[in-house]
Amino acid sequence: MMKARASSTLFAAIVLGVDATTYPVGLSNCGVKSWVNEAPKRAVTMNQGTTEMMLGLGLVDRMVGTAYLDDAIWPEVEEDFNKIPILSDAYPDIDTLMSVDPDFLYASYRSAFQAKTPEHEERIDYFDVVEGESCSLLVSNTRGNYTYCREELHAEGIQTYLQSPHCELEEHRPDEVTLHTLYEEIWEIAMIFDAFDKALQLIDNIEAHFRAATKIVESSYSNSKPTVLWLDGWDPVSPFVGSCCGAVQAIIDYAGAINIYDQLGIEEKSSWDDGDWGEIVEKDPDVIVMIDASWDLAGKE
């Protein structure tokens, strides 16, 4: 049994033989601190990655909605996915989101918790539901000004969780994204929902996939590691590419390859960034991974 802050997570939990959660559980996620008093019952996943994470942990019965699918769902969880309402092809509007009475919002990207403002009309109008009609976390960078509402949502009884490579503030993002980063997240979600057995099964499954990928790479490139361009979005001048510090880099690393843009975006710990076709031609990657999303088809690239 456990009543502790989630910072202990995976390895401490394994050492201690933890197999169940005792609530309340203290959680610090991207600098936002909260107490989870019971396992959420009405979760909404705001991006495909978090949808598949919840389903991979066997938590379909705790989900009341999903949103923002990029592509076909992971086949291993497709049957459960079909049981859950799709609230929107992108982020849902605030009325649609609140109509399912969520008690937990789980997102891959900080944009899911960004408030709608005149500068960002495409975001969710959280000001309609938070007290005082304002949110306290303001972030400014070269791309613009952003307002985030997680603490205010917690005050309204809606817990949130954001994947750490995409924390609102750079200081809370990991310096390097590795499998340990992923396993930390899996264990924290398992702790929130009391799903430790499923977490261990999911981690074993992920490890098996990486072992299979590594064998393929080793058999195809026996003399040296292949170089890879991860092409996420097409642009005739500055293609959107997998950069230094996110899941893309971790996948390439653990597959035994080299990201040609592993030094791009280090200052901001970026998962993706703008590349340059001249550099790509000069680097001459052995493999190009073209990302296929429903809104950005690889065939067009």
# chains A, B, ... in the order shown; residues from 1 in each chain; ligands from 1
$ select_by_dssp --residues "segment 111-226 of chain A" --states "alpha helix (DSSP H)" --output "number ranges by chain"
A: 150-155, 179-193, 196-220
$ residues_around --residues "segment 78-93 of chain A" --least-positions-apart "4" --cutoff "8 Å" --atoms "only C-alpha atoms" --output "list of chain:residue names"
A:Met46, A:Leu55, A:Val60, A:Met63, A:Val64, A:Gly65, A:Thr66, A:Ala67, A:Tyr68, A:Leu69, A:Ile73, A:Trp74, A:Leu97, A:Ala112, A:Arg123, A:Ile124, A:Asp125
$ write_last_selection --atoms "N, CA, C and O atoms" --output "PDB file, in the first residue's frame"
ATOM      1  N   MET A  46      -6.870  13.916 -24.392  1.00  0.00           N
ATOM      2  CA  MET A  46      -6.916  15.045 -25.312  1.00  0.00           C
ATOM      3  C   MET A  46      -6.067  14.852 -26.564  1.00  0.00           C
ATOM      4  O   MET A  46      -6.131  15.672 -27.480  1.00  0.00           O
ATOM      5  N   LEU A  55      -5.669   3.199 -22.713  1.00  0.00           N
ATOM      6  CA  LEU A  55      -6.186   1.912 -23.177  1.00  0.00           C
ATOM      7  C   LEU A  55      -5.156   0.812 -22.960  1.00  0.00           C
ATOM      8  O   LEU A  55      -5.511  -0.323 -22.629  1.00  0.00           O
ATOM      9  N   VAL A  60     -10.252   1.534 -20.028  1.00  0.00           N
ATOM     10  CA  VAL A  60     -11.369   1.964 -20.871  1.00  0.00           C
ATOM     11  C   VAL A  60     -12.601   2.300 -20.051  1.00  0.00           C
ATOM     12  O   VAL A  60     -13.364   3.208 -20.388  1.00  0.00           O
ATOM     13  N   MET A  63     -12.932   5.995 -18.910  1.00  0.00           N
ATOM     14  CA  MET A  63     -12.851   7.030 -19.945  1.00  0.00           C
ATOM     15  C   MET A  63     -14.240   7.396 -20.458  1.00  0.00           C
ATOM     16  O   MET A  63     -15.060   6.521 -20.742  1.00  0.00           O
ATOM     17  N   VAL A  64     -14.486   8.704 -20.570  1.00  0.00           N
ATOM     18  CA  VAL A  64     -15.773   9.181 -21.089  1.00  0.00           C
ATOM     19  C   VAL A  64     -15.613   9.954 -22.388  1.00  0.00           C
ATOM     20  O   VAL A  64     -16.587  10.453 -22.945  1.00  0.00           O
ATOM     21  N   GLY A  65     -14.381  10.065 -22.894  1.00  0.00           N
ATOM     22  CA  GLY A  65     -14.186  10.757 -24.159  1.00  0.00           C
ATOM     23  C   GLY A  65     -12.739  10.792 -24.583  1.00  0.00           C
ATOM     24  O   GLY A  65     -11.823  10.666 -23.761  1.00  0.00           O
ATOM     25  N   THR A  66     -12.522  10.923 -25.894  1.00  0.00           N
ATOM     26  CA  THR A  66     -11.197  11.105 -26.473  1.00  0.00           C
ATOM     27  C   THR A  66     -11.273  12.251 -27.478  1.00  0.00           C
ATOM     28  O   THR A  66     -12.357  12.691 -27.871  1.00  0.00           O
ATOM     29  N   ALA A  67     -10.110  12.732 -27.908  1.00  0.00           N
ATOM     30  CA  ALA A  67     -10.066  13.818 -28.886  1.00  0.00           C
ATOM     31  C   ALA A  67      -8.743  13.784 -29.626  1.00  0.00           C
ATOM     32  O   ALA A  67      -7.800  13.122 -29.217  1.00  0.00           O
ATOM     33  N   TYR A  68      -8.708  14.506 -30.736  1.00  0.00           N
ATOM     34  CA  TYR A  68      -7.499  14.814 -31.499  1.00  0.00           C
ATOM     35  C   TYR A  68      -6.721  13.568 -31.914  1.00  0.00           C
ATOM     36  O   TYR A  68      -5.543  13.403 -31.585  1.00  0.00           O
ATOM     37  N   LEU A  69      -7.352  12.720 -32.687  1.00  0.00           N
ATOM     38  CA  LEU A  69      -6.642  11.574 -33.244  1.00  0.00           C
ATOM     39  C   LEU A  69      -5.803  12.020 -34.431  1.00  0.00           C
ATOM     40  O   LEU A  69      -6.254  12.786 -35.277  1.00  0.00           O
ATOM     41  N   ILE A  73      -5.994   4.128 -34.777  1.00  0.00           N
ATOM     42  CA  ILE A  73      -5.624   3.781 -33.416  1.00  0.00           C
ATOM     43  C   ILE A  73      -4.753   2.526 -33.406  1.00  0.00           C
ATOM     44  O   ILE A  73      -4.823   1.693 -34.313  1.00  0.00           O
ATOM     45  N   TRP A  74      -3.931   2.379 -32.399  1.00  0.00           N
ATOM     46  CA  TRP A  74      -3.074   1.214 -32.215  1.00  0.00           C
ATOM     47  C   TRP A  74      -3.945  -0.045 -32.234  1.00  0.00           C
ATOM     48  O   TRP A  74      -4.876  -0.180 -31.445  1.00  0.00           O
ATOM     49  N   LEU A  97     -16.609  19.497 -24.154  1.00  0.00           N
ATOM     50  CA  LEU A  97     -15.748  18.896 -23.132  1.00  0.00           C
ATOM     51  C   LEU A  97     -16.483  18.779 -21.794  1.00  0.00           C
ATOM     52  O   LEU A  97     -16.468  17.730 -21.147  1.00  0.00           O
ATOM     53  N   ALA A 112      -3.201  21.563 -25.144  1.00  0.00           N
ATOM     54  CA  ALA A 112      -4.494  21.066 -24.656  1.00  0.00           C
ATOM     55  C   ALA A 112      -4.993  21.870 -23.463  1.00  0.00           C
ATOM     56  O   ALA A 112      -6.207  21.911 -23.211  1.00  0.00           O
ATOM     57  N   ARG A 123      -7.949  27.627 -29.514  1.00  0.00           N
ATOM     58  CA  ARG A 123      -7.804  26.875 -28.276  1.00  0.00           C
ATOM     59  C   ARG A 123      -9.122  26.777 -27.520  1.00  0.00           C
ATOM     60  O   ARG A 123     -10.142  27.333 -27.909  1.00  0.00           O
ATOM     61  N   ILE A 124      -9.094  26.084 -26.386  1.00  0.00           N
ATOM     62  CA  ILE A 124     -10.305  25.807 -25.615  1.00  0.00           C
ATOM     63  C   ILE A 124     -10.605  26.996 -24.697  1.00  0.00           C
ATOM     64  O   ILE A 124      -9.710  27.532 -24.043  1.00  0.00           O
ATOM     65  N   ASP A 125     -11.877  27.369 -24.598  1.00  0.00           N
ATOM     66  CA  ASP A 125     -12.266  28.542 -23.819  1.00  0.00           C
ATOM     67  C   ASP A 125     -12.429  28.167 -22.346  1.00  0.00           C
ATOM     68  O   ASP A 125     -13.537  28.176 -21.788  1.00  0.00           O
TER      69      ASP A 125
END
$ residues_around --residues "segment 252-267 of chain A" --least-positions-apart "5" --cutoff "8 Å" --atoms "only C-alpha atoms" --output "list in words"
Phe210, Arg211, Ala213, Thr214, Val217, Glu218, Lys225, Pro226, Thr227, Val228, Leu229, Trp230, Val241, Gly242, Ser243, Cys244, Cys245, Trp272, Asp273, Gly275, Lys283 and Pro285 of chain A
$ write_last_selection --atoms "N, CA, C and O atoms" --output "JSON list (two decimals), in the first residue's frame"
[["chain", "number", "residue", "atom", "x", "y", "z"],
["A", 210, "PHE", "N", 10.88, -2.78, -28.67],
["A", 210, "PHE", "CA", 12.20, -2.20, -28.90],
["A", 210, "PHE", "C", 13.25, -3.26, -29.18],
["A", 210, "PHE", "O", 14.14, -3.06, -30.02],
["A", 211, "ARG", "N", 13.16, -4.40, -28.51],
["A", 211, "ARG", "CA", 14.11, -5.48, -28.80],
["A", 211, "ARG", "C", 13.96, -5.95, -30.24],
["A", 211, "ARG", "O", 14.95, -6.20, -30.94],
["A", 213, "ALA", "N", 12.80, -4.14, -32.79],
["A", 213, "ALA", "CA", 13.30, -3.09, -33.68],
["A", 213, "ALA", "C", 14.82, -3.09, -33.72],
["A", 213, "ALA", "O", 15.43, -2.92, -34.80],
["A", 214, "THR", "N", 15.45, -3.27, -32.57],
["A", 214, "THR", "CA", 16.91, -3.29, -32.51],
["A", 214, "THR", "C", 17.49, -4.44, -33.34],
["A", 214, "THR", "O", 18.50, -4.27, -34.04],
["A", 217, "VAL", "N", 17.41, -3.48, -37.02],
["A", 217, "VAL", "CA", 18.47, -2.52, -37.36],
["A", 217, "VAL", "C", 19.83, -3.21, -37.41],
["A", 217, "VAL", "O", 20.62, -3.00, -38.34],
["A", 218, "GLU", "N", 20.12, -4.04, -36.42],
["A", 218, "GLU", "CA", 21.41, -4.71, -36.36],
["A", 218, "GLU", "C", 21.62, -5.65, -37.53],
["A", 218, "GLU", "O", 22.74, -5.77, -38.06],
["A", 225, "LYS", "N", 25.82, 2.35, -37.38],
["A", 225, "LYS", "CA", 24.45, 2.77, -37.08],
["A", 225, "LYS", "C", 23.89, 3.58, -38.25],
["A", 225, "LYS", "O", 24.57, 4.49, -38.76],
["A", 226, "PRO", "N", 22.65, 3.30, -38.67],
["A", 226, "PRO", "CA", 22.06, 4.10, -39.74],
["A", 226, "PRO", "C", 21.70, 5.50, -39.25],
["A", 226, "PRO", "O", 21.37, 5.70, -38.08],
["A", 227, "THR", "N", 21.77, 6.47, -40.15],
["A", 227, "THR", "CA", 21.34, 7.83, -39.84],
["A", 227, "THR", "C", 19.91, 8.01, -40.31],
["A", 227, "THR", "O", 19.50, 7.48, -41.35],
["A", 228, "VAL", "N", 19.13, 8.79, -39.53],
["A", 228, "VAL", "CA", 17.68, 8.88, -39.76],
["A", 228, "VAL", "C", 17.24, 10.33, -39.80],
["A", 228, "VAL", "O", 17.64, 11.15, -38.97],
["A", 229, "LEU", "N", 16.40, 10.65, -40.78],
["A", 229, "LEU", "CA", 15.63, 11.91, -40.80],
["A", 229, "LEU", "C", 14.20, 11.55, -40.43],
["A", 229, "LEU", "O", 13.56, 10.74, -41.10],
["A", 230, "TRP", "N", 13.69, 12.16, -39.37],
["A", 230, "TRP", "CA", 12.30, 11.98, -38.96],
["A", 230, "TRP", "C", 11.52, 13.17, -39.51],
["A", 230, "TRP", "O", 11.58, 14.27, -38.98],
["A", 241, "VAL", "N", 10.81, 18.61, -38.36],
["A", 241, "VAL", "CA", 11.57, 17.37, -38.17],
["A", 241, "VAL", "C", 11.66, 17.01, -36.69],
["A", 241, "VAL", "O", 11.52, 17.85, -35.80],
["A", 242, "GLY", "N", 11.91, 15.74, -36.43],
["A", 242, "GLY", "CA", 12.20, 15.29, -35.08],
["A", 242, "GLY", "C", 13.55, 15.82, -34.65],
["A", 242, "GLY", "O", 14.55, 15.63, -35.36],
["A", 243, "SER", "N", 13.60, 16.47, -33.48],
["A", 243, "SER", "CA", 14.84, 17.11, -33.05],
["A", 243, "SER", "C", 15.40, 16.42, -31.80],
["A", 243, "SER", "O", 15.14, 15.24, -31.57],
["A", 244, "CYS", "N", 16.11, 17.17, -30.98],
["A", 244, "CYS", "CA", 17.01, 16.58, -29.99],
["A", 244, "CYS", "C", 16.37, 15.87, -28.82],
["A", 244, "CYS", "O", 16.92, 14.89, -28.30],
["A", 245, "CYS", "N", 15.21, 16.36, -28.37],
["A", 245, "CYS", "CA", 14.95, 16.15, -26.95],
["A", 245, "CYS", "C", 13.59, 15.56, -26.60],
["A", 245, "CYS", "O", 13.08, 15.80, -25.51],
["A", 272, "TRP", "N", 10.36, 18.66, -31.57],
["A", 272, "TRP", "CA", 10.35, 18.88, -33.02],
["A", 272, "TRP", "C", 10.81, 20.29, -33.28],
["A", 272, "TRP", "O", 10.72, 21.17, -32.42],
["A", 273, "ASP", "N", 11.32, 20.53, -34.48],
["A", 273, "ASP", "CA", 11.78, 21.87, -34.82],
["A", 273, "ASP", "C", 11.84, 21.98, -36.34],
["A", 273, "ASP", "O", 11.56, 21.03, -37.06],
["A", 275, "GLY", "N", 13.71, 22.14, -39.78],
["A", 275, "GLY", "CA", 14.96, 21.73, -40.40],
["A", 275, "GLY", "C", 15.27, 22.55, -41.63],
["A", 275, "GLY", "O", 14.64, 23.60, -41.87],
["A", 283, "LYS", "N", 23.63, 16.04, -45.10],
["A", 283, "LYS", "CA", 23.74, 14.95, -44.12],
["A", 283, "LYS", "C", 23.41, 13.60, -44.74],
["A", 283, "LYS", "O", 23.86, 12.56, -44.24],
["A", 285, "PRO", "N", 20.76, 11.27, -45.07],
["A", 285, "PRO", "CA", 20.35, 10.20, -44.15],
["A", 285, "PRO", "C", 20.14, 8.87, -44.86],
["A", 285, "PRO", "O", 19.72, 8.82, -46.01]]
$ select_by_dssp --residues "segment 58-219 of chain A" --states "strand (DSSP E or B)" --output "PyMOL selection string"
chain A and resi 63-67+86-88+104-107+114-115+117+120+124+137-141+144-148+159-162
$ write_last_selection --atoms "N, CA, C and O atoms" --output "short mmCIF file (atom, residue, chain, number, x, y, z; two decimals), in the first residue's frame"
data_model
loop_
_atom_site.label_atom_id
_atom_site.label_comp_id
_atom_site.auth_asym_id
_atom_site.auth_seq_id
_atom_site.Cartn_x
_atom_site.Cartn_y
_atom_site.Cartn_z
N MET A 63 -12.93 5.99 -18.91
CA MET A 63 -12.85 7.03 -19.95
C MET A 63 -14.24 7.40 -20.46
O MET A 63 -15.06 6.52 -20.74
N VAL A 64 -14.49 8.70 -20.57
CA VAL A 64 -15.77 9.18 -21.09
C VAL A 64 -15.61 9.95 -22.39
O VAL A 64 -16.59 10.45 -22.95
N GLY A 65 -14.38 10.06 -22.89
CA GLY A 65 -14.19 10.76 -24.16
C GLY A 65 -12.74 10.79 -24.58
O GLY A 65 -11.82 10.67 -23.76
N THR A 66 -12.52 10.92 -25.89
CA THR A 66 -11.20 11.10 -26.47
C THR A 66 -11.27 12.25 -27.48
O THR A 66 -12.36 12.69 -27.87
N ALA A 67 -10.11 12.73 -27.91
CA ALA A 67 -10.07 13.82 -28.89
C ALA A 67 -8.74 13.78 -29.63
O ALA A 67 -7.80 13.12 -29.22
N ILE A 86 -15.86 9.82 -29.26
CA ILE A 86 -14.88 10.76 -29.80
C ILE A 86 -15.50 12.14 -29.73
O ILE A 86 -16.49 12.42 -30.43
N LEU A 87 -14.97 13.02 -28.90
CA LEU A 87 -15.57 14.32 -28.68
C LEU A 87 -15.29 15.29 -29.82
O LEU A 87 -16.09 16.18 -30.08
N SER A 88 -14.14 15.11 -30.47
CA SER A 88 -13.78 16.03 -31.55
C SER A 88 -12.61 15.47 -32.34
O SER A 88 -11.79 14.72 -31.79
N PHE A 104 -10.84 14.22 -15.01
CA PHE A 104 -9.41 14.05 -15.29
C PHE A 104 -9.18 14.33 -16.77
O PHE A 104 -9.85 13.74 -17.64
N LEU A 105 -8.26 15.23 -17.08
CA LEU A 105 -7.86 15.53 -18.46
C LEU A 105 -6.39 15.15 -18.61
O LEU A 105 -5.54 15.60 -17.85
N TYR A 106 -6.11 14.35 -19.63
CA TYR A 106 -4.77 13.78 -19.83
C TYR A 106 -4.33 14.14 -21.24
O TYR A 106 -4.99 13.79 -22.22
N ALA A 107 -3.20 14.86 -21.35
CA ALA A 107 -2.80 15.40 -22.65
C ALA A 107 -1.33 15.12 -22.95
O ALA A 107 -0.49 15.05 -22.05
N GLN A 114 -4.08 25.15 -23.01
CA GLN A 114 -3.92 26.56 -23.34
C GLN A 114 -5.29 27.21 -23.52
O GLN A 114 -6.17 26.67 -24.18
N ALA A 115 -5.48 28.36 -22.90
CA ALA A 115 -6.77 29.04 -22.95
C ALA A 115 -6.96 29.78 -24.28
O ALA A 115 -6.00 30.27 -24.88
N THR A 117 -7.69 32.78 -26.43
CA THR A 117 -7.49 34.23 -26.30
C THR A 117 -7.62 34.83 -27.70
O THR A 117 -7.64 34.10 -28.69
N HIS A 120 -5.12 33.40 -29.82
CA HIS A 120 -5.19 31.96 -30.06
C HIS A 120 -6.65 31.51 -30.02
O HIS A 120 -7.08 30.82 -29.09
N ILE A 124 -9.09 26.08 -26.39
CA ILE A 124 -10.31 25.81 -25.62
C ILE A 124 -10.60 27.00 -24.70
O ILE A 124 -9.71 27.53 -24.04
N LEU A 137 -0.97 31.01 -15.33
CA LEU A 137 0.32 30.69 -15.93
C LEU A 137 0.43 31.33 -17.31
O LEU A 137 -0.23 30.91 -18.27
N LEU A 138 1.27 32.33 -17.41
CA LEU A 138 1.48 33.06 -18.66
C LEU A 138 2.90 32.77 -19.15
O LEU A 138 3.86 32.91 -18.40
N VAL A 139 3.03 32.38 -20.40
CA VAL A 139 4.32 32.04 -20.98
C VAL A 139 4.50 32.83 -22.26
O VAL A 139 3.61 32.85 -23.13
N SER A 140 5.65 33.48 -22.39
CA SER A 140 5.98 34.23 -23.61
C SER A 140 7.28 33.70 -24.19
O SER A 140 8.23 33.43 -23.45
N ASN A 141 7.29 33.53 -25.50
CA ASN A 141 8.52 33.14 -26.19
C ASN A 141 8.50 33.73 -27.58
O ASN A 141 7.64 34.58 -27.90
N GLY A 144 5.13 33.60 -29.45
CA GLY A 144 3.93 34.32 -29.02
C GLY A 144 3.72 34.25 -27.52
O GLY A 144 4.62 33.87 -26.76
N ASN A 145 2.51 34.63 -27.09
CA ASN A 145 2.13 34.63 -25.69
C ASN A 145 1.06 33.57 -25.45
O ASN A 145 0.12 33.44 -26.24
N TYR A 146 1.17 32.83 -24.34
CA TYR A 146 0.29 31.71 -24.08
C TYR A 146 -0.18 31.74 -22.63
O TYR A 146 0.58 32.08 -21.72
N THR A 147 -1.44 31.35 -22.43
CA THR A 147 -2.03 31.27 -21.10
C THR A 147 -2.49 29.84 -20.85
O THR A 147 -3.20 29.26 -21.68
N TYR A 148 -2.09 29.27 -19.70
CA TYR A 148 -2.42 27.88 -19.38
C TYR A 148 -3.23 27.81 -18.09
O TYR A 148 -3.03 28.61 -17.17
N GLN A 159 -8.82 17.07 -12.31
CA GLN A 159 -7.39 16.78 -12.30
C GLN A 159 -6.84 16.81 -13.72
O GLN A 159 -7.57 16.55 -14.70
N THR A 160 -5.55 17.11 -13.85
CA THR A 160 -4.91 17.11 -15.16
C THR A 160 -3.56 16.41 -15.09
O THR A 160 -2.95 16.32 -14.03
N TYR A 161 -3.11 15.93 -16.25
CA TYR A 161 -1.77 15.35 -16.37
C TYR A 161 -1.25 15.67 -17.77
O TYR A 161 -1.97 15.48 -18.77
N LEU A 162 -0.02 16.17 -17.83
CA LEU A 162 0.62 16.55 -19.09
C LEU A 162 1.93 15.79 -19.24
O LEU A 162 2.73 15.73 -18.30
#
$ residues_around --residues "Asn29 of chain A" --least-positions-apart "5" --cutoff "10 Å" --atoms "only C-alpha atoms" --output "list in words"
Ala6, Ser7, Ser34, Thr160, Tyr161, Leu162, Gln163, Ser164, Cys167, His172, Glu185 and Glu188 of chain A
$ write_last_selection --atoms "N, CA and C atoms" --output "short mmCIF file (atom, residue, chain, number, x, y, z; two decimals), in the first residue's frame"
data_model
loop_
_atom_site.label_atom_id
_atom_site.label_comp_id
_atom_site.auth_asym_id
_atom_site.auth_seq_id
_atom_site.Cartn_x
_atom_site.Cartn_y
_atom_site.Cartn_z
N ALA A 6 4.23 11.12 -6.05
CA ALA A 6 4.50 10.25 -7.19
C ALA A 6 5.93 10.35 -7.68
N SER A 7 6.76 11.21 -7.10
CA SER A 7 8.13 11.33 -7.57
C SER A 7 8.92 10.04 -7.38
N SER A 34 -0.69 18.66 -6.88
CA SER A 34 -2.08 18.40 -6.49
C SER A 34 -2.14 17.10 -5.70
N THR A 160 -5.55 17.11 -13.85
CA THR A 160 -4.91 17.11 -15.16
C THR A 160 -3.56 16.41 -15.09
N TYR A 161 -3.11 15.93 -16.25
CA TYR A 161 -1.77 15.35 -16.37
C TYR A 161 -1.25 15.67 -17.77
N LEU A 162 -0.02 16.17 -17.83
CA LEU A 162 0.62 16.55 -19.09
C LEU A 162 1.93 15.79 -19.24
N GLN A 163 2.16 15.21 -20.42
CA GLN A 163 3.40 14.48 -20.65
C GLN A 163 4.59 15.43 -20.51
N SER A 164 5.61 14.99 -19.76
CA SER A 164 6.67 15.88 -19.32
C SER A 164 7.53 16.50 -20.43
N CYS A 167 5.97 20.00 -21.09
CA CYS A 167 5.59 20.89 -20.00
C CYS A 167 5.52 22.35 -20.47
N HIS A 172 10.77 22.65 -16.53
CA HIS A 172 10.17 21.41 -16.04
C HIS A 172 10.29 20.26 -17.04
N GLU A 185 6.11 8.09 -16.55
CA GLU A 185 4.73 8.50 -16.84
C GLU A 185 3.76 7.33 -16.67
N GLU A 188 3.19 6.78 -13.02
CA GLU A 188 2.38 7.82 -12.39
C GLU A 188 0.90 7.67 -12.75
#
$ closest_residue --among "A:Gly157, A:Pro118, A:Gly246, A:Pro75" --to "Thr181 of chain A" --atoms "only C-alpha atoms"
A:Gly246
$ residues_around --residues "Ala199 of chain A" --least-positions-apart "2" --cutoff "8 Å" --atoms "only C-alpha atoms" --output "JSON, numbers by chain"
{"A": [57, 186, 187, 190, 195, 196, 197, 201, 202, 203]}
$ write_last_selection --atoms "C-alpha atoms" --output "JSON list (two decimals), in the first residue's frame"
[["chain", "number", "residue", "atom", "x", "y", "z"],
["A", 57, "LEU", "CA", -3.31, 0.29, -19.12],
["A", 186, "ILE", "CA", 3.26, 5.01, -17.08],
["A", 187, "TRP", "CA", 3.85, 4.47, -13.38],
["A", 190, "ALA", "CA", -0.92, 3.65, -12.91],
["A", 195, "ALA", "CA", -3.40, -0.01, -12.22],
["A", 196, "PHE", "CA", 0.07, -1.33, -11.32],
["A", 197, "ASP", "CA", -0.32, -4.83, -12.78],
["A", 201, "GLN", "CA", 2.45, -5.63, -18.61],
["A", 202, "LEU", "CA", 2.58, -2.49, -20.77],
["A", 203, "ILE", "CA", 6.26, -1.89, -19.98]]
$ atom_distance --atom1 "atom CA of Glu152 of chain A" --atom2 "atom CA of Asp95 of chain A"
17.1 Å
